[in-house]
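Structure file run_0.cif (mmCIF, C-alpha atoms) is printed below.
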```
data_work
#
loop_
_atom_site.label_atom_id
_atom_site.label_comp_id
_atom_site.auth_asym_id
_atom_site.auth_seq_id
_atom_site.Cartn_x
_atom_site.Cartn_y
_atom_site.Cartn_z
CA MET A 1248 101.95 87.20 92.28
CA VAL A 1249 98.50 87.73 90.73
CA ARG A 1250 98.56 88.18 86.97
CA PRO A 1251 96.32 90.96 85.58
CA LEU A 1252 93.06 89.62 84.24
CA PRO A 1253 92.00 90.65 80.72
CA SER A 1254 89.34 93.39 80.69
CA VAL A 1255 87.19 92.29 83.62
CA PHE A 1256 83.69 93.75 83.45
CA LEU A 1257 82.49 92.78 86.93
CA SER A 1258 84.35 91.95 90.13
CA ILE A 1259 82.34 90.50 93.00
CA VAL A 1260 84.01 91.16 96.35
CA ILE A 1261 82.86 88.89 99.18
CA PRO A 1262 84.14 89.61 102.71
CA VAL A 1263 84.34 86.45 104.80
CA TYR A 1264 84.85 85.79 108.50
CA ASN A 1265 84.14 82.29 109.87
CA GLU A 1266 81.63 81.38 107.17
CA GLN A 1267 82.35 77.65 106.82
CA ALA A 1268 78.65 76.83 107.25
CA ARG A 1269 77.60 78.62 104.09
CA ILE A 1270 80.56 79.82 101.99
CA GLY A 1271 80.54 76.69 99.81
CA GLU A 1272 76.89 77.12 98.84
CA THR A 1273 77.38 80.87 98.38
CA LEU A 1274 80.24 80.36 95.94
CA LYS A 1275 78.29 77.68 94.10
CA GLN A 1276 75.39 80.10 93.58
CA VAL A 1277 77.57 83.07 92.65
CA VAL A 1278 79.77 81.24 90.16
CA GLY A 1279 76.81 79.32 88.76
CA PHE A 1280 75.12 82.62 87.95
CA LEU A 1281 78.27 84.18 86.49
CA ASN A 1282 79.01 81.18 84.29
CA GLY A 1283 75.77 81.93 82.44
CA TRP A 1284 76.89 85.48 81.64
CA ASP A 1285 78.37 86.71 78.37
CA ARG A 1286 80.51 89.28 80.23
CA THR A 1287 83.90 88.82 81.87
CA TRP A 1288 84.01 88.49 85.64
CA GLU A 1289 86.05 87.58 88.71
CA VAL A 1290 85.24 86.77 92.33
CA VAL A 1291 87.54 88.16 95.03
CA ILE A 1292 87.07 86.60 98.46
CA ALA A 1293 88.57 88.69 101.24
CA ASP A 1294 89.03 86.40 104.24
CA ASP A 1295 89.26 88.50 107.39
CA GLY A 1296 91.42 86.06 109.34
CA SER A 1297 88.84 83.28 109.74
CA THR A 1298 89.61 80.82 112.52
CA ASP A 1299 87.36 78.05 111.21
CA ASP A 1300 87.70 76.07 107.97
CA SER A 1301 86.46 78.85 105.68
CA ALA A 1302 89.82 79.31 103.94
CA LEU A 1303 90.21 75.57 103.32
CA LEU A 1304 86.73 75.35 101.80
CA ILE A 1305 87.42 78.39 99.62
CA GLU A 1306 90.75 76.99 98.43
CA ASP A 1307 89.09 73.69 97.59
CA PHE A 1308 86.45 75.51 95.55
CA ILE A 1309 89.08 77.61 93.76
CA SER A 1310 90.94 74.47 92.69
CA GLY A 1311 87.98 73.57 90.50
CA SER A 1312 86.89 77.02 89.34
CA SER A 1313 88.79 79.67 87.40
CA GLY A 1314 88.06 83.34 88.00
CA VAL A 1315 87.90 83.01 91.81
CA ARG A 1316 90.73 84.13 94.08
CA LEU A 1317 91.33 84.41 97.80
CA LEU A 1318 92.89 87.23 99.80
CA SER A 1319 94.06 85.96 103.19
CA LEU A 1320 94.13 88.85 105.66
CA PRO A 1321 94.79 89.32 109.37
CA HIS A 1322 91.58 89.83 111.33
CA ARG A 1323 90.56 93.50 111.65
CA GLY A 1324 86.91 93.69 110.67
CA LYS A 1325 84.50 93.70 107.74
CA GLY A 1326 85.46 97.18 106.58
CA TRP A 1327 89.11 96.15 106.44
CA ALA A 1328 88.26 93.09 104.37
CA VAL A 1329 86.07 95.06 101.96
CA MET A 1330 88.73 97.76 101.51
CA ASN A 1331 91.39 95.20 100.60
CA GLY A 1332 89.03 93.30 98.31
CA MET A 1333 87.94 96.41 96.44
CA LEU A 1334 91.50 97.65 95.93
CA ALA A 1335 92.66 94.20 94.76
CA ALA A 1336 89.76 93.77 92.31
CA GLN A 1337 90.22 94.63 88.65
CA GLY A 1338 86.69 94.99 87.30
CA GLN A 1339 85.15 97.97 85.57
CA TYR A 1340 82.36 97.52 88.13
CA ARG A 1341 82.99 96.14 91.62
CA LEU A 1342 80.15 94.69 93.66
CA LEU A 1343 80.23 94.28 97.42
CA CYS A 1344 78.24 91.13 98.16
CA ASP A 1345 77.73 89.72 101.67
CA ALA A 1346 78.63 86.08 102.20
CA ASP A 1347 75.11 85.22 103.35
CA LEU A 1348 73.61 86.30 100.00
CA SER A 1349 70.90 88.25 101.82
CA VAL A 1350 70.39 89.87 98.42
CA PRO A 1351 70.27 87.17 95.69
CA ILE A 1352 73.25 87.49 93.35
CA GLU A 1353 70.98 87.67 90.30
CA GLN A 1354 69.93 91.14 91.40
CA VAL A 1355 73.35 92.55 90.55
CA GLU A 1356 71.90 93.31 87.12
CA ARG A 1357 69.70 95.96 88.76
CA LEU A 1358 72.88 97.87 89.68
CA LEU A 1359 74.61 97.66 86.29
CA PRO A 1360 74.12 99.16 82.82
CA PRO A 1361 71.80 99.34 81.04
CA GLN A 1362 69.44 99.35 84.06
CA VAL A 1363 71.65 101.92 85.80
CA ASP A 1364 73.97 104.19 83.83
CA GLY A 1365 76.07 107.24 84.57
CA VAL A 1366 76.30 106.36 88.26
CA ASP A 1367 79.51 106.10 90.29
CA VAL A 1368 77.99 104.28 93.29
CA ALA A 1369 74.86 102.14 92.91
CA LEU A 1370 73.38 101.13 96.25
CA GLY A 1371 71.18 98.12 96.73
CA SER A 1372 68.54 99.52 99.06
CA ARG A 1373 65.88 98.07 101.34
CA GLU A 1374 64.08 101.41 101.35
CA ALA A 1375 64.03 102.48 97.68
CA PRO A 1376 60.94 101.93 95.49
CA GLY A 1377 60.47 98.28 94.60
CA ALA A 1378 62.46 96.99 97.59
CA ARG A 1379 61.27 94.08 99.73
CA ARG A 1380 62.38 93.07 103.24
CA ILE A 1381 61.69 89.39 103.83
CA GLY A 1382 61.63 87.83 107.29
CA GLU A 1383 63.18 90.75 109.19
CA PRO A 1384 62.27 91.05 112.90
CA LEU A 1385 60.55 94.34 113.74
CA ARG A 1386 63.12 95.19 116.44
CA ARG A 1387 65.99 94.84 113.98
CA HIS A 1388 64.19 97.01 111.45
CA LEU A 1389 63.47 99.77 113.97
CA MET A 1390 67.08 99.84 115.16
CA GLY A 1391 68.24 100.23 111.59
CA ARG A 1392 65.85 103.11 110.97
CA VAL A 1393 67.07 104.95 114.10
CA TYR A 1394 70.68 104.55 112.98
CA ASN A 1395 69.80 105.83 109.53
CA ILE A 1396 68.34 109.01 111.04
CA LEU A 1397 71.72 109.65 112.66
CA VAL A 1398 73.52 108.85 109.41
CA ARG A 1399 71.39 111.27 107.40
CA PHE A 1400 71.84 114.02 109.97
CA LEU A 1401 75.58 113.59 110.59
CA GLY A 1402 76.94 111.80 107.56
CA VAL A 1403 75.20 111.15 104.26
CA PRO A 1404 72.04 113.19 103.65
CA GLY A 1405 69.50 111.78 101.24
CA VAL A 1406 70.53 108.11 101.46
CA ALA A 1407 67.79 105.99 103.02
CA ASP A 1408 69.81 102.78 103.43
CA THR A 1409 73.59 102.89 103.86
CA GLN A 1410 73.98 99.45 105.44
CA CYS A 1411 72.69 97.00 102.85
CA GLY A 1412 75.61 94.75 101.89
CA PHE A 1413 75.00 95.00 98.16
CA LYS A 1414 76.80 97.99 96.60
CA CYS A 1415 78.39 98.51 93.19
CA PHE A 1416 81.26 100.93 92.50
CA ARG A 1417 82.72 102.11 89.20
CA ASP A 1418 86.43 101.34 89.02
CA GLU A 1419 87.42 105.02 88.82
CA SER A 1420 85.79 105.71 92.19
CA VAL A 1421 87.42 102.86 94.11
CA PRO A 1422 90.84 104.43 94.91
CA LEU A 1423 89.18 107.70 95.93
CA LEU A 1424 86.76 105.98 98.30
CA PHE A 1425 88.77 103.10 99.75
CA GLN A 1426 92.39 104.26 99.91
CA GLY A 1427 92.87 105.80 103.32
CA GLN A 1428 89.66 104.28 104.70
CA THR A 1429 89.87 104.48 108.50
CA ILE A 1430 86.89 102.45 109.76
CA ASP A 1431 87.59 98.72 109.87
CA GLY A 1432 84.27 97.56 111.34
CA PHE A 1433 80.63 97.55 110.23
CA GLY A 1434 80.49 101.37 110.12
CA PHE A 1435 82.75 101.52 107.06
CA ASP A 1436 79.76 101.91 104.71
CA VAL A 1437 79.00 105.38 106.04
CA GLU A 1438 82.61 106.54 105.72
CA VAL A 1439 82.80 105.33 102.11
CA LEU A 1440 79.50 106.96 101.19
CA TYR A 1441 80.40 110.14 103.07
CA ARG A 1442 83.55 110.43 101.00
CA ALA A 1443 81.55 109.79 97.84
CA TRP A 1444 79.08 112.53 98.81
CA ARG A 1445 81.84 115.01 99.66
CA ALA A 1446 83.55 114.25 96.34
CA GLY A 1447 80.34 114.94 94.41
CA LEU A 1448 80.08 111.44 92.95
CA ALA A 1449 76.78 110.26 91.48
CA ILE A 1450 75.04 108.00 94.02
CA GLN A 1451 71.78 106.16 93.33
CA GLU A 1452 69.70 103.81 95.49
CA ILE A 1453 68.02 100.89 93.74
CA GLY A 1454 65.39 98.73 95.43
CA VAL A 1455 66.36 95.09 95.99
CA ASP A 1456 64.88 92.02 97.64
CA TRP A 1457 66.60 91.49 101.00
CA TYR A 1458 66.25 88.32 103.07
CA TYR A 1459 66.93 88.37 106.79
CA ARG A 1460 69.52 85.74 107.76
CA ASP A 1461 69.44 84.62 111.39
CA ARG A 1462 73.15 83.69 111.33
CA SER A 1463 74.22 87.25 110.55
CA LYS A 1464 77.49 88.41 112.12
CA VAL A 1465 75.83 91.70 113.10
CA ARG A 1466 75.19 92.08 116.85
CA PRO A 1467 72.36 94.64 116.77
CA VAL A 1468 72.93 96.45 120.08
CA ARG A 1469 76.72 96.27 120.38
CA ASP A 1470 77.40 96.97 116.71
CA SER A 1471 74.88 99.84 116.59
CA ILE A 1472 76.74 101.52 119.45
CA ALA A 1473 80.12 100.94 117.78
CA MET A 1474 78.83 102.21 114.44
CA THR A 1475 77.41 105.35 116.05
CA TRP A 1476 80.77 106.00 117.71
CA ASP A 1477 82.50 105.54 114.34
CA LEU A 1478 80.05 108.04 112.84
CA MET A 1479 80.92 110.60 115.52
CA LYS A 1480 84.66 110.08 114.96
CA MET A 1481 84.17 110.51 111.23
CA ARG A 1482 82.39 113.83 111.79
CA TRP A 1483 85.15 114.90 114.16
CA ARG A 1484 87.79 114.20 111.50
CA TYR A 1485 85.83 116.30 109.03
CA ARG A 1486 85.52 119.22 111.49
CA LYS A 1487 89.28 119.04 111.96
CA GLY A 1488 89.65 119.42 108.19
CA ARG A 1489 91.01 115.94 107.57
CA TYR A 1490 88.50 115.19 104.79
CA ARG A 1491 88.88 117.41 101.75
CA ALA A 1492 86.92 116.76 98.55
CA GLY A 1493 86.44 113.17 99.64
CA VAL A 1494 90.16 112.57 100.31
CA LEU A 1495 91.45 111.77 103.78
CA ASP A 1496 94.37 113.86 104.98
CA GLN A 1497 96.74 111.30 106.52
CA THR A 1498 98.50 113.84 108.78
CA PRO A 1499 98.09 112.58 112.38
CA ASP A 1500 95.98 114.75 114.63
CA GLU A 1501 96.89 115.60 118.23
CA SER A 1502 95.36 112.40 119.58
CA GLY A 1503 97.20 110.26 117.03
CA GLN A 1504 93.91 109.10 115.40
#
```
Could the structure of this file be written out as structure tokens, please?
Amino acid sequence: MVRPLPSVFLSIVIPVYNEQARIGETLKQVVGFLNGWDRTWEVVIADDGSTDDSALLIEDFISGSSGVRLLSLPHRGKGWAVMNGMLAAQGQYRLLCDADLSVPIEQVERLLPPQVDGVDVALGSREAPGARRIGEPLRRHLMGRVYNILVRFLGVPGVADTQCGFKCFRDESVPLLFQGQTIDGFGFDVEVLYRAWRAGLAIQEIGVDWYYRDRSKVRPVRDSIAMTWDLMKMRWRYRKGRYRAGVLDQTPDESGQ
């Protein structure tokens, strides 16, 4: 049983799947940064059923560092891991941070007060003013831009970058956005932001420095197709009236989806 933590200001949620090659260094950087803070914090690692030694490395790190905890989950996808991590976190602000640290952890301050205030969802963005993309192949960039056109047309208008793995949520918005989440894979970002948009929450994009990592778990072609299909299913659910004011109606439809 996890005991409630006293007044946590920031939770950092890190989804993990077979990250033994870099999770140790990632945790070292994240906790090293947080130890220099004068605010309370926790790190929640949501392990999506890793089959390598990720969990063992995380447990070893936890044994020597307070404020870090591990959620061990069956494998279902990144969206599943993020959902569980966000709902288990206890911070006033909850940051999604990818395990590859493609956005340096120090940039979390760009998404928090006083730099950003009165916002329910602060999005680290590779397209907002001040953003930098570092080392990204042109083909990968173009595929992302095509997907974003679909997202803006079918899902979340006005958001230039839904897929950057660096997002901060106010605690009050987390149950509304993540309870009842239906997309377990990489397309979960759009569903969460769609629900935020439908609920009228304040969303703001903030430019960040983003470094391309060649060991990313994203498979550009296959995952783009799967994410587009998830987007179409999400729109279908909305047309059937299953999303109302950002809340998912859990009544099964005729197909059982």
Test item: which residues lie within 10 Å of (87.1, 104.4, 92.3) counting only C-alpha atoms, as number ranges by chain: A: 1333-1334, 1339-1341, 1367-1368, 1416-1426, 1443, 1448
Residue among A:Pro1262, A:Pro1321, A:Gly1271, A:Gly1338 lying closest to Glu1306 (chain A), counting all atoms listed in the file: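 With all atoms listed in the file as the atom set, the closest residue is A:Gly1271.
Against the coordinates shown, the PyMOL selection byres ((chain A and resi 1304) around 10) returns Glu1266, Gln1267, Ala1268, Arg1269, Ile1270, Gly1271, Asp1299, Asp1300, Ser1301, Ala1302, Leu1303, Ile1305, Glu1306, Asp1307, Phe1308 and Ile1309 of chain A.
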Expected file: the selected residues, C-alpha atoms, as a PDB file, keeping the file's coordinate frame:
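Everything below was put into selection.pdb:
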```
ATOM      1  CA  GLU A1266      81.630  81.380 107.170  1.00  0.00           C
ATOM      2  CA  GLN A1267      82.350  77.650 106.820  1.00  0.00           C
ATOM      3  CA  ALA A1268      78.650  76.830 107.250  1.00  0.00           C
ATOM      4  CA  ARG A1269      77.600  78.620 104.090  1.00  0.00           C
ATOM      5  CA  ILE A1270      80.560  79.820 101.990  1.00  0.00           C
ATOM      6  CA  GLY A1271      80.540  76.690  99.810  1.00  0.00           C
ATOM      7  CA  ASP A1299      87.360  78.050 111.210  1.00  0.00           C
ATOM      8  CA  ASP A1300      87.700  76.070 107.970  1.00  0.00           C
ATOM      9  CA  SER A1301      86.460  78.850 105.680  1.00  0.00           C
ATOM     10  CA  ALA A1302      89.820  79.310 103.940  1.00  0.00           C
ATOM     11  CA  LEU A1303      90.210  75.570 103.320  1.00  0.00           C
ATOM     12  CA  ILE A1305      87.420  78.390  99.620  1.00  0.00           C
ATOM     13  CA  GLU A1306      90.750  76.990  98.430  1.00  0.00           C
ATOM     14  CA  ASP A1307      89.090  73.690  97.590  1.00  0.00           C
ATOM     15  CA  PHE A1308      86.450  75.510  95.550  1.00  0.00           C
ATOM     16  CA  ILE A1309      89.080  77.610  93.760  1.00  0.00           C
TER      17      ILE A1309
END
```
Residue nearest Gln1410 (chain A) - candidates A:Leu1318, A:Leu1385, A:Ala1336, A:Cys1344, atoms counted: all atoms listed in the file: A:Cys1344
Selection under test: the PyMOL selection byres ((chain A and resi 1370) around 9); residues as a PyMOL selection string: chain A and resi 1358+1368-1369+1371-1372+1408-1409+1411-1416+1450-1454
Where is the centre and how long are the edges: axis-aligned box on region 1449-1461 of chain A, 6 Å on each side, Å to one decimal, as lines of an AutoDock Vina configuration file:
```
center_x = 70.8
center_y = 97.4
center_z = 101.4
size_x = 23.9
size_y = 37.6
size_z = 31.9
```
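Nearest to Gly1311 (chain A) of all the residues A:Lys1275, A:Tyr1264, A:Asp1295, A:Ser1258 is A:Lys1275, based on all atoms listed in the file.
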For the structure just given, write the atoms of region 1287-1332 of chain A, namely N, CA and C atoms, as a PDB file, in the first residue's frame.
```
ATOM      1  N   THR A1287       8.343  20.401  -3.350  1.00  0.00           N
ATOM      2  CA  THR A1287       8.177  18.968  -3.143  1.00  0.00           C
ATOM      3  C   THR A1287       7.893  18.278  -4.471  1.00  0.00           C
ATOM      4  N   TRP A1288       8.327  17.022  -4.576  1.00  0.00           N
ATOM      5  CA  TRP A1288       8.210  16.308  -5.840  1.00  0.00           C
ATOM      6  C   TRP A1288       8.141  14.806  -5.611  1.00  0.00           C
ATOM      7  N   GLU A1289       7.739  14.094  -6.644  1.00  0.00           N
ATOM      8  CA  GLU A1289       7.813  12.638  -6.699  1.00  0.00           C
ATOM      9  C   GLU A1289       8.033  12.238  -8.156  1.00  0.00           C
ATOM     10  N   VAL A1290       8.574  11.045  -8.342  1.00  0.00           N
ATOM     11  CA  VAL A1290       8.726  10.465  -9.675  1.00  0.00           C
ATOM     12  C   VAL A1290       7.959   9.150  -9.689  1.00  0.00           C
ATOM     13  N   VAL A1291       7.028   9.018 -10.629  1.00  0.00           N
ATOM     14  CA  VAL A1291       6.238   7.803 -10.782  1.00  0.00           C
ATOM     15  C   VAL A1291       6.646   7.140 -12.091  1.00  0.00           C
ATOM     16  N   ILE A1292       7.220   5.955 -12.002  1.00  0.00           N
ATOM     17  CA  ILE A1292       7.644   5.228 -13.197  1.00  0.00           C
ATOM     18  C   ILE A1292       6.603   4.159 -13.490  1.00  0.00           C
ATOM     19  N   ALA A1293       5.969   4.263 -14.645  1.00  0.00           N
ATOM     20  CA  ALA A1293       4.933   3.315 -15.041  1.00  0.00           C
ATOM     21  C   ALA A1293       5.545   2.330 -16.029  1.00  0.00           C
ATOM     22  N   ASP A1294       5.882   1.134 -15.531  1.00  0.00           N
ATOM     23  CA  ASP A1294       6.529   0.124 -16.364  1.00  0.00           C
ATOM     24  C   ASP A1294       5.460  -0.700 -17.080  1.00  0.00           C
ATOM     25  N   ASP A1295       5.439  -0.572 -18.395  1.00  0.00           N
ATOM     26  CA  ASP A1295       4.430  -1.216 -19.232  1.00  0.00           C
ATOM     27  C   ASP A1295       4.836  -2.653 -19.571  1.00  0.00           C
ATOM     28  N   GLY A1296       5.064  -3.453 -18.525  1.00  0.00           N
ATOM     29  CA  GLY A1296       5.363  -4.862 -18.732  1.00  0.00           C
ATOM     30  C   GLY A1296       6.676  -5.131 -19.438  1.00  0.00           C
ATOM     31  N   SER A1297       7.722  -4.414 -19.079  1.00  0.00           N
ATOM     32  CA  SER A1297       9.028  -4.616 -19.725  1.00  0.00           C
ATOM     33  C   SER A1297       9.474  -6.064 -19.599  1.00  0.00           C
ATOM     34  N   THR A1298      10.109  -6.560 -20.662  1.00  0.00           N
ATOM     35  CA  THR A1298      10.625  -7.928 -20.660  1.00  0.00           C
ATOM     36  C   THR A1298      12.143  -7.979 -20.504  1.00  0.00           C
ATOM     37  N   ASP A1299      12.772  -6.816 -20.411  1.00  0.00           N
ATOM     38  CA  ASP A1299      14.213  -6.765 -20.176  1.00  0.00           C
ATOM     39  C   ASP A1299      14.457  -6.499 -18.687  1.00  0.00           C
ATOM     40  N   ASP A1300      15.590  -5.918 -18.350  1.00  0.00           N
ATOM     41  CA  ASP A1300      15.926  -5.686 -16.936  1.00  0.00           C
ATOM     42  C   ASP A1300      15.548  -4.289 -16.451  1.00  0.00           C
ATOM     43  N   SER A1301      14.648  -3.612 -17.160  1.00  0.00           N
ATOM     44  CA  SER A1301      14.259  -2.259 -16.749  1.00  0.00           C
ATOM     45  C   SER A1301      13.775  -2.218 -15.309  1.00  0.00           C
ATOM     46  N   ALA A1302      12.851  -3.108 -14.947  1.00  0.00           N
ATOM     47  CA  ALA A1302      12.273  -3.088 -13.599  1.00  0.00           C
ATOM     48  C   ALA A1302      13.339  -3.310 -12.533  1.00  0.00           C
ATOM     49  N   LEU A1303      14.278  -4.210 -12.783  1.00  0.00           N
ATOM     50  CA  LEU A1303      15.339  -4.466 -11.809  1.00  0.00           C
ATOM     51  C   LEU A1303      16.213  -3.231 -11.616  1.00  0.00           C
ATOM     52  N   LEU A1304      16.535  -2.550 -12.721  1.00  0.00           N
ATOM     53  CA  LEU A1304      17.349  -1.340 -12.626  1.00  0.00           C
ATOM     54  C   LEU A1304      16.605  -0.232 -11.890  1.00  0.00           C
ATOM     55  N   ILE A1305      15.305  -0.131 -12.145  1.00  0.00           N
ATOM     56  CA  ILE A1305      14.498   0.888 -11.466  1.00  0.00           C
ATOM     57  C   ILE A1305      14.426   0.593  -9.974  1.00  0.00           C
ATOM     58  N   GLU A1306      14.177  -0.661  -9.618  1.00  0.00           N
ATOM     59  CA  GLU A1306      14.097  -1.033  -8.206  1.00  0.00           C
ATOM     60  C   GLU A1306      15.417  -0.780  -7.490  1.00  0.00           C
ATOM     61  N   ASP A1307      16.517  -1.037  -8.174  1.00  0.00           N
ATOM     62  CA  ASP A1307      17.827  -0.781  -7.582  1.00  0.00           C
ATOM     63  C   ASP A1307      18.021   0.708  -7.337  1.00  0.00           C
ATOM     64  N   PHE A1308      17.570   1.528  -8.280  1.00  0.00           N
ATOM     65  CA  PHE A1308      17.685   2.978  -8.110  1.00  0.00           C
ATOM     66  C   PHE A1308      16.806   3.449  -6.954  1.00  0.00           C
ATOM     67  N   ILE A1309      15.592   2.919  -6.884  1.00  0.00           N
ATOM     68  CA  ILE A1309      14.650   3.324  -5.833  1.00  0.00           C
ATOM     69  C   ILE A1309      15.208   3.020  -4.447  1.00  0.00           C
ATOM     70  N   SER A1310      15.947   1.926  -4.324  1.00  0.00           N
ATOM     71  CA  SER A1310      16.481   1.547  -3.019  1.00  0.00           C
ATOM     72  C   SER A1310      17.410   2.603  -2.440  1.00  0.00           C
ATOM     73  N   GLY A1311      17.957   3.457  -3.304  1.00  0.00           N
ATOM     74  CA  GLY A1311      18.864   4.499  -2.827  1.00  0.00           C
ATOM     75  C   GLY A1311      18.338   5.901  -3.007  1.00  0.00           C
ATOM     76  N   SER A1312      17.039   6.030  -3.342  1.00  0.00           N
ATOM     77  CA  SER A1312      16.484   7.364  -3.597  1.00  0.00           C
ATOM     78  C   SER A1312      15.035   7.421  -3.150  1.00  0.00           C
ATOM     79  N   SER A1313      14.735   8.307  -2.224  1.00  0.00           N
ATOM     80  CA  SER A1313      13.350   8.498  -1.795  1.00  0.00           C
ATOM     81  C   SER A1313      12.625   9.362  -2.824  1.00  0.00           C
ATOM     82  N   GLY A1314      11.301   9.260  -2.844  1.00  0.00           N
ATOM     83  CA  GLY A1314      10.505  10.075  -3.750  1.00  0.00           C
ATOM     84  C   GLY A1314      10.298   9.463  -5.116  1.00  0.00           C
ATOM     85  N   VAL A1315      10.835   8.242  -5.342  1.00  0.00           N
ATOM     86  CA  VAL A1315      10.674   7.557  -6.625  1.00  0.00           C
ATOM     87  C   VAL A1315       9.928   6.263  -6.363  1.00  0.00           C
ATOM     88  N   ARG A1316       8.901   5.988  -7.171  1.00  0.00           N
ATOM     89  CA  ARG A1316       8.173   4.730  -7.016  1.00  0.00           C
ATOM     90  C   ARG A1316       7.853   4.114  -8.366  1.00  0.00           C
ATOM     91  N   LEU A1317       7.629   2.817  -8.343  1.00  0.00           N
ATOM     92  CA  LEU A1317       7.432   2.041  -9.562  1.00  0.00           C
ATOM     93  C   LEU A1317       6.037   1.441  -9.592  1.00  0.00           C
ATOM     94  N   LEU A1318       5.349   1.608 -10.717  1.00  0.00           N
ATOM     95  CA  LEU A1318       4.109   0.895 -10.987  1.00  0.00           C
ATOM     96  C   LEU A1318       4.427  -0.216 -11.987  1.00  0.00           C
ATOM     97  N   SER A1319       4.202  -1.452 -11.614  1.00  0.00           N
ATOM     98  CA  SER A1319       4.447  -2.584 -12.502  1.00  0.00           C
ATOM     99  C   SER A1319       3.117  -2.987 -13.136  1.00  0.00           C
ATOM    100  N   LEU A1320       3.041  -2.863 -14.450  1.00  0.00           N
ATOM    101  CA  LEU A1320       1.785  -3.049 -15.172  1.00  0.00           C
ATOM    102  C   LEU A1320       1.924  -4.154 -16.211  1.00  0.00           C
ATOM    103  N   PRO A1321       0.813  -4.801 -16.576  1.00  0.00           N
ATOM    104  CA  PRO A1321       0.848  -5.694 -17.740  1.00  0.00           C
ATOM    105  C   PRO A1321       1.015  -4.867 -19.011  1.00  0.00           C
ATOM    106  N   HIS A1322       1.611  -5.453 -20.019  1.00  0.00           N
ATOM    107  CA  HIS A1322       1.914  -4.713 -21.249  1.00  0.00           C
ATOM    108  C   HIS A1322       0.655  -4.445 -22.068  1.00  0.00           C
ATOM    109  N   ARG A1323       0.367  -3.138 -22.296  1.00  0.00           N
ATOM    110  CA  ARG A1323      -0.760  -2.772 -23.161  1.00  0.00           C
ATOM    111  C   ARG A1323      -0.451  -1.569 -24.030  1.00  0.00           C
ATOM    112  N   GLY A1324       0.615  -0.855 -23.769  1.00  0.00           N
ATOM    113  CA  GLY A1324       0.951   0.282 -24.605  1.00  0.00           C
ATOM    114  C   GLY A1324       1.282   1.522 -23.793  1.00  0.00           C
ATOM    115  N   LYS A1325       1.879   2.507 -24.480  1.00  0.00           N
ATOM    116  CA  LYS A1325       2.303   3.732 -23.806  1.00  0.00           C
ATOM    117  C   LYS A1325       1.141   4.477 -23.181  1.00  0.00           C
ATOM    118  N   GLY A1326       0.036   4.582 -23.919  1.00  0.00           N
ATOM    119  CA  GLY A1326      -1.119   5.297 -23.382  1.00  0.00           C
ATOM    120  C   GLY A1326      -1.633   4.683 -22.097  1.00  0.00           C
ATOM    121  N   TRP A1327      -1.639   3.375 -22.047  1.00  0.00           N
ATOM    122  CA  TRP A1327      -2.049   2.636 -20.844  1.00  0.00           C
ATOM    123  C   TRP A1327      -1.133   2.962 -19.670  1.00  0.00           C
ATOM    124  N   ALA A1328       0.175   2.972 -19.927  1.00  0.00           N
ATOM    125  CA  ALA A1328       1.130   3.275 -18.868  1.00  0.00           C
ATOM    126  C   ALA A1328       0.966   4.707 -18.371  1.00  0.00           C
ATOM    127  N   VAL A1329       0.801   5.648 -19.294  1.00  0.00           N
ATOM    128  CA  VAL A1329       0.641   7.050 -18.906  1.00  0.00           C
ATOM    129  C   VAL A1329      -0.637   7.237 -18.090  1.00  0.00           C
ATOM    130  N   MET A1330      -1.737   6.643 -18.537  1.00  0.00           N
ATOM    131  CA  MET A1330      -2.998   6.752 -17.801  1.00  0.00           C
ATOM    132  C   MET A1330      -2.830   6.298 -16.354  1.00  0.00           C
ATOM    133  N   ASN A1331      -2.245   5.112 -16.160  1.00  0.00           N
ATOM    134  CA  ASN A1331      -2.067   4.596 -14.809  1.00  0.00           C
ATOM    135  C   ASN A1331      -1.129   5.466 -13.988  1.00  0.00           C
ATOM    136  N   GLY A1332      -0.055   5.947 -14.613  1.00  0.00           N
ATOM    137  CA  GLY A1332       0.874   6.812 -13.900  1.00  0.00           C
ATOM    138  C   GLY A1332       0.245   8.119 -13.467  1.00  0.00           C
TER     139      GLY A1332
END
```
